[in-house]
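A short worksheet on the structure shown next.
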Amino acid sequence: MTDAPLKAAIIPVTPLQQNCTLIWCTKTMRGAFTDPGGDLDQLKAAAASQGVTIEKLLITHGHIDHCGSAKVLADELNVPIEGPHRDDIFWIDRLAEDGARYGVPGTPFTPDRWLDQGDSVNVGELTLDVYHCPGHTPGHVIFHHAPSKLAIVGDVLFKGSIGRTDFPRGNHQDLLDAIVRNLWPLGGDTAFVPGHGPMSTFAHERQSNPFVADRVLAG
């Protein structure tokens, strides 16, 4: 669709192959990176190739592969960082330590704006709704653009799986509740970009996901 208000490009970054997403408003050609975890030259080249001017960075949660290089990029582009929820501050504070552990550069930061359930973020003339989805981390948020039927869900949900909950302050039941309460109502025809791996739709996961399919949760 040439007249789509939002376009997106997925750029896997870091050795962990985390899905950074470049999203942009086709009317203004202003955009944002969600979860710019690393490989900044690759990200800047992707924006340049599409003619997109980056105006902010959006963060789903505080893990190193999702936001380790966010501050470096924000400083370089002179743009704000929005997200995640404040409950992930302890993850962000330890980015340098985790970076040394995983071999991925990590720079702690304070977002220009913490996000919470019911907030929205603007990219160009687009408005994305914010949902707080704890479980993988306590401060995880996801972004949803209703007109495009597109969600960017970080490590909450994957094609055929869900986020790990064995990290500090992870909680399996919280994650299941967040998926059912916040993601499923967005509609089965909503496509989502996970933090790793291929895209899927909520309908597909409700039918076949071994952790959160309707029949699994009903059992």
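The way I read the labels, and the way they are meant: chains A, B, ... in the order of the structure tokens, residue 1 as the first residue of every chain, and ligand 1 as the first ligand shown, with later ones counted on from there.
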| message | So that I can check the secondary structure, give me every residue of chain A assigned helix (DSSP H, G or I) by backbone DSSP, as number ranges by chain. | response | A: 40-50, 64-67, 70-77, 86-93, 95-102, 146-148, 172-186, 202-208, 214-218
| Nearby residues (only C-alpha atoms) at most 7 Å from segment 20-24 of chain A, same-chain spacing under 6 positions excluded, as a PyMOL selection string | chain A and resi 6-13+30-36+52+123
May I have the residues from that selection written out with N, CA and C atoms, as a PDB file, in the first residue's frame?
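Writing done, so here's out07.pdb:
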ATOM      1  N   LEU A   6       1.993   4.535   7.983  1.00  0.00           N
ATOM      2  CA  LEU A   6       3.189   4.084   8.690  1.00  0.00           C
ATOM      3  C   LEU A   6       3.907   3.050   7.832  1.00  0.00           C
ATOM      4  N   LYS A   7       5.206   3.182   7.773  1.00  0.00           N
ATOM      5  CA  LYS A   7       6.032   2.133   7.194  1.00  0.00           C
ATOM      6  C   LYS A   7       7.060   1.702   8.236  1.00  0.00           C
ATOM      7  N   ALA A   8       7.540   0.471   8.086  1.00  0.00           N
ATOM      8  CA  ALA A   8       8.465  -0.084   9.062  1.00  0.00           C
ATOM      9  C   ALA A   8       9.493  -0.965   8.375  1.00  0.00           C
ATOM     10  N   ALA A   9      10.680  -0.959   8.931  1.00  0.00           N
ATOM     11  CA  ALA A   9      11.752  -1.839   8.470  1.00  0.00           C
ATOM     12  C   ALA A   9      12.417  -2.445   9.688  1.00  0.00           C
ATOM     13  N   ILE A  10      12.579  -3.759   9.677  1.00  0.00           N
ATOM     14  CA  ILE A  10      13.204  -4.467  10.798  1.00  0.00           C
ATOM     15  C   ILE A  10      14.691  -4.639  10.510  1.00  0.00           C
ATOM     16  N   ILE A  11      15.514  -4.243  11.488  1.00  0.00           N
ATOM     17  CA  ILE A  11      16.971  -4.326  11.335  1.00  0.00           C
ATOM     18  C   ILE A  11      17.527  -5.102  12.528  1.00  0.00           C
ATOM     19  N   PRO A  12      17.849  -6.389  12.374  1.00  0.00           N
ATOM     20  CA  PRO A  12      18.426  -7.143  13.494  1.00  0.00           C
ATOM     21  C   PRO A  12      19.798  -6.579  13.875  1.00  0.00           C
ATOM     22  N   VAL A  13      20.003  -6.403  15.180  1.00  0.00           N
ATOM     23  CA  VAL A  13      21.250  -5.819  15.668  1.00  0.00           C
ATOM     24  C   VAL A  13      21.823  -6.653  16.805  1.00  0.00           C
ATOM     25  N   ARG A  30       9.282  11.594   8.995  1.00  0.00           N
ATOM     26  CA  ARG A  30       9.944  11.623  10.299  1.00  0.00           C
ATOM     27  C   ARG A  30       9.709  10.274  10.972  1.00  0.00           C
ATOM     28  N   GLY A  31      10.724   9.774  11.687  1.00  0.00           N
ATOM     29  CA  GLY A  31      10.613   8.426  12.207  1.00  0.00           C
ATOM     30  C   GLY A  31      11.276   8.235  13.553  1.00  0.00           C
ATOM     31  N   ALA A  32      11.282   6.981  13.979  1.00  0.00           N
ATOM     32  CA  ALA A  32      11.881   6.596  15.253  1.00  0.00           C
ATOM     33  C   ALA A  32      12.468   5.201  15.117  1.00  0.00           C
ATOM     34  N   PHE A  33      13.465   4.946  15.930  1.00  0.00           N
ATOM     35  CA  PHE A  33      13.950   3.582  16.109  1.00  0.00           C
ATOM     36  C   PHE A  33      13.352   3.035  17.388  1.00  0.00           C
ATOM     37  N   THR A  34      12.808   1.831  17.330  1.00  0.00           N
ATOM     38  CA  THR A  34      12.432   1.142  18.558  1.00  0.00           C
ATOM     39  C   THR A  34      13.538   0.158  18.899  1.00  0.00           C
ATOM     40  N   ASP A  35      14.023   0.224  20.120  1.00  0.00           N
ATOM     41  CA  ASP A  35      15.046  -0.681  20.649  1.00  0.00           C
ATOM     42  C   ASP A  35      16.337  -0.701  19.822  1.00  0.00           C
ATOM     43  N   PRO A  36      17.025   0.460  19.727  1.00  0.00           N
ATOM     44  CA  PRO A  36      18.315   0.509  19.031  1.00  0.00           C
ATOM     45  C   PRO A  36      19.431  -0.030  19.924  1.00  0.00           C
ATOM     46  N   VAL A  52      14.500   8.966   5.885  1.00  0.00           N
ATOM     47  CA  VAL A  52      13.786   9.220   7.135  1.00  0.00           C
ATOM     48  C   VAL A  52      14.644  10.061   8.078  1.00  0.00           C
ATOM     49  N   VAL A 123       5.092   9.947  16.456  1.00  0.00           N
ATOM     50  CA  VAL A 123       6.193   9.867  15.497  1.00  0.00           C
ATOM     51  C   VAL A 123       5.686  10.534  14.222  1.00  0.00           C
TER      52      VAL A 123
END
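Put simply, atom CA of Ala151 of chain A is 19.3 Å away from atom CA of Arg164 of chain A.
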Report as an mmCIF file with N, CA, C and O atoms, in the first residue's frame all protein, DNA and RNA residues lying within 10 Å of Leu16 of chain A, evaluated on only C-alpha atoms, omitting residues in the same chain fewer than 5 positions from it.
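This went into out19.cif:
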data_model
loop_
_atom_site.group_PDB
_atom_site.id
_atom_site.type_symbol
_atom_site.label_atom_id
_atom_site.label_comp_id
_atom_site.auth_asym_id
_atom_site.auth_seq_id
_atom_site.Cartn_x
_atom_site.Cartn_y
_atom_site.Cartn_z
ATOM 1 N N GLY A 37 19.540 -1.346 19.968
ATOM 2 C CA GLY A 37 20.463 -1.979 20.899
ATOM 3 C C GLY A 37 21.927 -1.889 20.515
ATOM 4 O O GLY A 37 22.804 -2.010 21.364
ATOM 5 N N ILE A 64 20.058 -5.220 27.603
ATOM 6 C CA ILE A 64 21.205 -4.701 26.865
ATOM 7 C C ILE A 64 21.010 -4.746 25.356
ATOM 8 O O ILE A 64 21.368 -3.804 24.640
ATOM 9 N N ASP A 65 20.453 -5.829 24.829
ATOM 10 C CA ASP A 65 20.326 -5.950 23.374
ATOM 11 C C ASP A 65 19.242 -5.029 22.803
ATOM 12 O O ASP A 65 19.190 -4.802 21.596
ATOM 13 N N HIS A 66 18.409 -4.497 23.683
ATOM 14 C CA HIS A 66 17.337 -3.605 23.243
ATOM 15 C C HIS A 66 17.685 -2.128 23.403
ATOM 16 O O HIS A 66 17.136 -1.303 22.678
ATOM 17 N N TYR A 102 28.072 -9.569 28.190
ATOM 18 C CA TYR A 102 27.572 -10.107 26.914
ATOM 19 C C TYR A 102 28.407 -9.682 25.709
ATOM 20 O O TYR A 102 28.132 -10.108 24.592
ATOM 21 N N VAL A 104 28.458 -6.731 24.450
ATOM 22 C CA VAL A 104 27.668 -5.744 23.712
ATOM 23 C C VAL A 104 27.826 -4.404 24.430
ATOM 24 O O VAL A 104 27.621 -4.342 25.641
ATOM 25 N N GLY A 195 10.812 -9.133 19.664
ATOM 26 C CA GLY A 195 12.176 -8.697 19.902
ATOM 27 C C GLY A 195 13.218 -9.534 19.181
ATOM 28 O O GLY A 195 14.351 -9.079 18.974
ATOM 29 N N HIS A 196 12.846 -10.735 18.797
ATOM 30 C CA HIS A 196 13.745 -11.634 18.068
ATOM 31 C C HIS A 196 12.897 -12.503 17.156
ATOM 32 O O HIS A 196 11.778 -12.880 17.500
#
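In terms of minimum interatomic distance to Ser208 of chain A, A:Ser161 ranks closest within A:Ser69, A:Thr107, A:Thr137, A:Ser161, counting only C-alpha atoms.
Taking segment 2-84 of chain A and asking which residues DSSP calls strand (DSSP E) on the backbone, you get Leu6, Lys7, Ala8, Ala9, Ile10, Ile11, Pro12, Val13, Gln18, Asn19, Cys20, Thr21, Leu22, Ile23, Trp24, Cys25, Arg30, Gly31, Ala32, Phe33, Thr34, Thr53, Ile54, Glu55, Lys56, Leu57, Leu58, Ile81 and Glu82 of chain A.
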Write the residues of the preceding selection, restricted to N, CA, C and O atoms, as a short mmCIF file (atom, residue, chain, number, x, y, z; two decimals), in the first residue's frame.
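Output contents, as saved in result_1.cif:
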data_model
loop_
_atom_site.label_atom_id
_atom_site.label_comp_id
_atom_site.auth_asym_id
_atom_site.auth_seq_id
_atom_site.Cartn_x
_atom_site.Cartn_y
_atom_site.Cartn_z
N LEU A 6 1.99 4.54 7.98
CA LEU A 6 3.19 4.08 8.69
C LEU A 6 3.91 3.05 7.83
O LEU A 6 3.28 2.17 7.25
N LYS A 7 5.21 3.18 7.77
CA LYS A 7 6.03 2.13 7.19
C LYS A 7 7.06 1.70 8.24
O LYS A 7 7.42 2.47 9.14
N ALA A 8 7.54 0.47 8.09
CA ALA A 8 8.47 -0.08 9.06
C ALA A 8 9.49 -0.97 8.38
O ALA A 8 9.19 -1.61 7.37
N ALA A 9 10.68 -0.96 8.93
CA ALA A 9 11.75 -1.84 8.47
C ALA A 9 12.42 -2.44 9.69
O ALA A 9 12.76 -1.74 10.64
N ILE A 10 12.58 -3.76 9.68
CA ILE A 10 13.20 -4.47 10.80
C ILE A 10 14.69 -4.64 10.51
O ILE A 10 15.08 -5.11 9.45
N ILE A 11 15.51 -4.24 11.49
CA ILE A 11 16.97 -4.33 11.33
C ILE A 11 17.53 -5.10 12.53
O ILE A 11 17.65 -4.56 13.63
N PRO A 12 17.85 -6.39 12.37
CA PRO A 12 18.43 -7.14 13.49
C PRO A 12 19.80 -6.58 13.87
O PRO A 12 20.62 -6.29 13.00
N VAL A 13 20.00 -6.40 15.18
CA VAL A 13 21.25 -5.82 15.67
C VAL A 13 21.82 -6.65 16.80
O VAL A 13 21.11 -7.43 17.45
N GLN A 18 18.69 -8.91 17.81
CA GLN A 18 17.50 -8.25 18.35
C GLN A 18 16.88 -7.40 17.25
O GLN A 18 17.57 -6.69 16.53
N ASN A 19 15.56 -7.47 17.14
CA ASN A 19 14.84 -6.75 16.08
C ASN A 19 14.67 -5.28 16.44
O ASN A 19 13.69 -4.90 17.10
N CYS A 20 15.58 -4.44 16.01
CA CYS A 20 15.34 -3.00 16.04
C CYS A 20 14.41 -2.68 14.87
O CYS A 20 14.57 -3.23 13.78
N THR A 21 13.44 -1.83 15.12
CA THR A 21 12.50 -1.47 14.06
C THR A 21 12.58 0.02 13.77
O THR A 21 12.48 0.85 14.68
N LEU A 22 12.76 0.35 12.51
CA LEU A 22 12.65 1.72 12.03
C LEU A 22 11.21 1.93 11.60
O LEU A 22 10.73 1.24 10.70
N ILE A 23 10.52 2.84 12.27
CA ILE A 23 9.15 3.17 11.86
C ILE A 23 9.12 4.63 11.44
O ILE A 23 9.86 5.45 11.98
N TRP A 24 8.28 4.92 10.43
CA TRP A 24 8.22 6.32 10.03
C TRP A 24 6.85 6.69 9.49
O TRP A 24 6.09 5.84 9.03
N CYS A 25 6.57 7.96 9.61
CA CYS A 25 5.35 8.58 9.11
C CYS A 25 5.58 8.94 7.65
O CYS A 25 6.47 9.73 7.33
N ARG A 30 9.28 11.59 9.00
CA ARG A 30 9.94 11.62 10.30
C ARG A 30 9.71 10.27 10.97
O ARG A 30 8.63 9.68 10.83
N GLY A 31 10.72 9.77 11.69
CA GLY A 31 10.61 8.43 12.21
C GLY A 31 11.28 8.23 13.55
O GLY A 31 11.76 9.18 14.19
N ALA A 32 11.28 6.98 13.98
CA ALA A 32 11.88 6.60 15.25
C ALA A 32 12.47 5.20 15.12
O ALA A 32 12.02 4.40 14.29
N PHE A 33 13.46 4.95 15.93
CA PHE A 33 13.95 3.58 16.11
C PHE A 33 13.35 3.03 17.39
O PHE A 33 13.37 3.70 18.43
N THR A 34 12.81 1.83 17.33
CA THR A 34 12.43 1.14 18.56
C THR A 34 13.54 0.16 18.90
O THR A 34 13.97 -0.62 18.05
N THR A 53 14.04 11.09 8.66
CA THR A 53 14.69 11.89 9.70
C THR A 53 14.25 11.34 11.06
O THR A 53 13.06 11.35 11.38
N ILE A 54 15.20 10.86 11.84
CA ILE A 54 14.88 10.29 13.16
C ILE A 54 14.60 11.41 14.15
O ILE A 54 15.41 12.33 14.30
N GLU A 55 13.46 11.32 14.83
CA GLU A 55 13.11 12.37 15.79
C GLU A 55 13.06 11.87 17.23
O GLU A 55 13.00 12.68 18.15
N LYS A 56 13.10 10.55 17.44
CA LYS A 56 13.14 10.03 18.81
C LYS A 56 13.49 8.55 18.78
O LYS A 56 13.45 7.90 17.74
N LEU A 57 13.81 8.03 19.97
CA LEU A 57 14.06 6.61 20.16
C LEU A 57 13.02 6.08 21.14
O LEU A 57 12.71 6.72 22.15
N LEU A 58 12.46 4.92 20.84
CA LEU A 58 11.45 4.29 21.68
C LEU A 58 12.00 2.98 22.23
O LEU A 58 12.53 2.17 21.47
N ILE A 81 14.78 10.09 24.24
CA ILE A 81 14.46 8.68 24.45
C ILE A 81 13.16 8.60 25.23
O ILE A 81 13.02 9.24 26.28
N GLU A 82 12.21 7.81 24.72
CA GLU A 82 10.94 7.61 25.42
C GLU A 82 10.78 6.13 25.72
O GLU A 82 10.90 5.29 24.83
#
| Which is closest to Leu73 of chain A among A:Gly38, A:Thr110, A:Trp91, A:Ala100, if we use only C-alpha atoms? | A:Gly38
| request: Could you give me, as number ranges by chain, the residues within 12 Å of Arg206 of chain A, counting only C-alpha atoms and dropping anything in the same chain fewer than 3 positions from it? | output: A: 157-162, 179-180, 183-185, 187-190, 200-203, 209-218
| Counting only C-alpha atoms, the residue of A:Ile89, A:Met29, A:Ala74, A:Leu128 that sits nearest Ile152 of chain A | A:Leu128
| query | When distances are computed from only C-alpha atoms, which of A:Val153, A:Ile142, A:Leu115, A:Cys133 shows the smallest separation from Leu176 of chain A? | reply | A:Cys133
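Coordinates place atom CA of Gly106 of chain A at a distance of 12.5 Å from atom CA of Leu40 of chain A.
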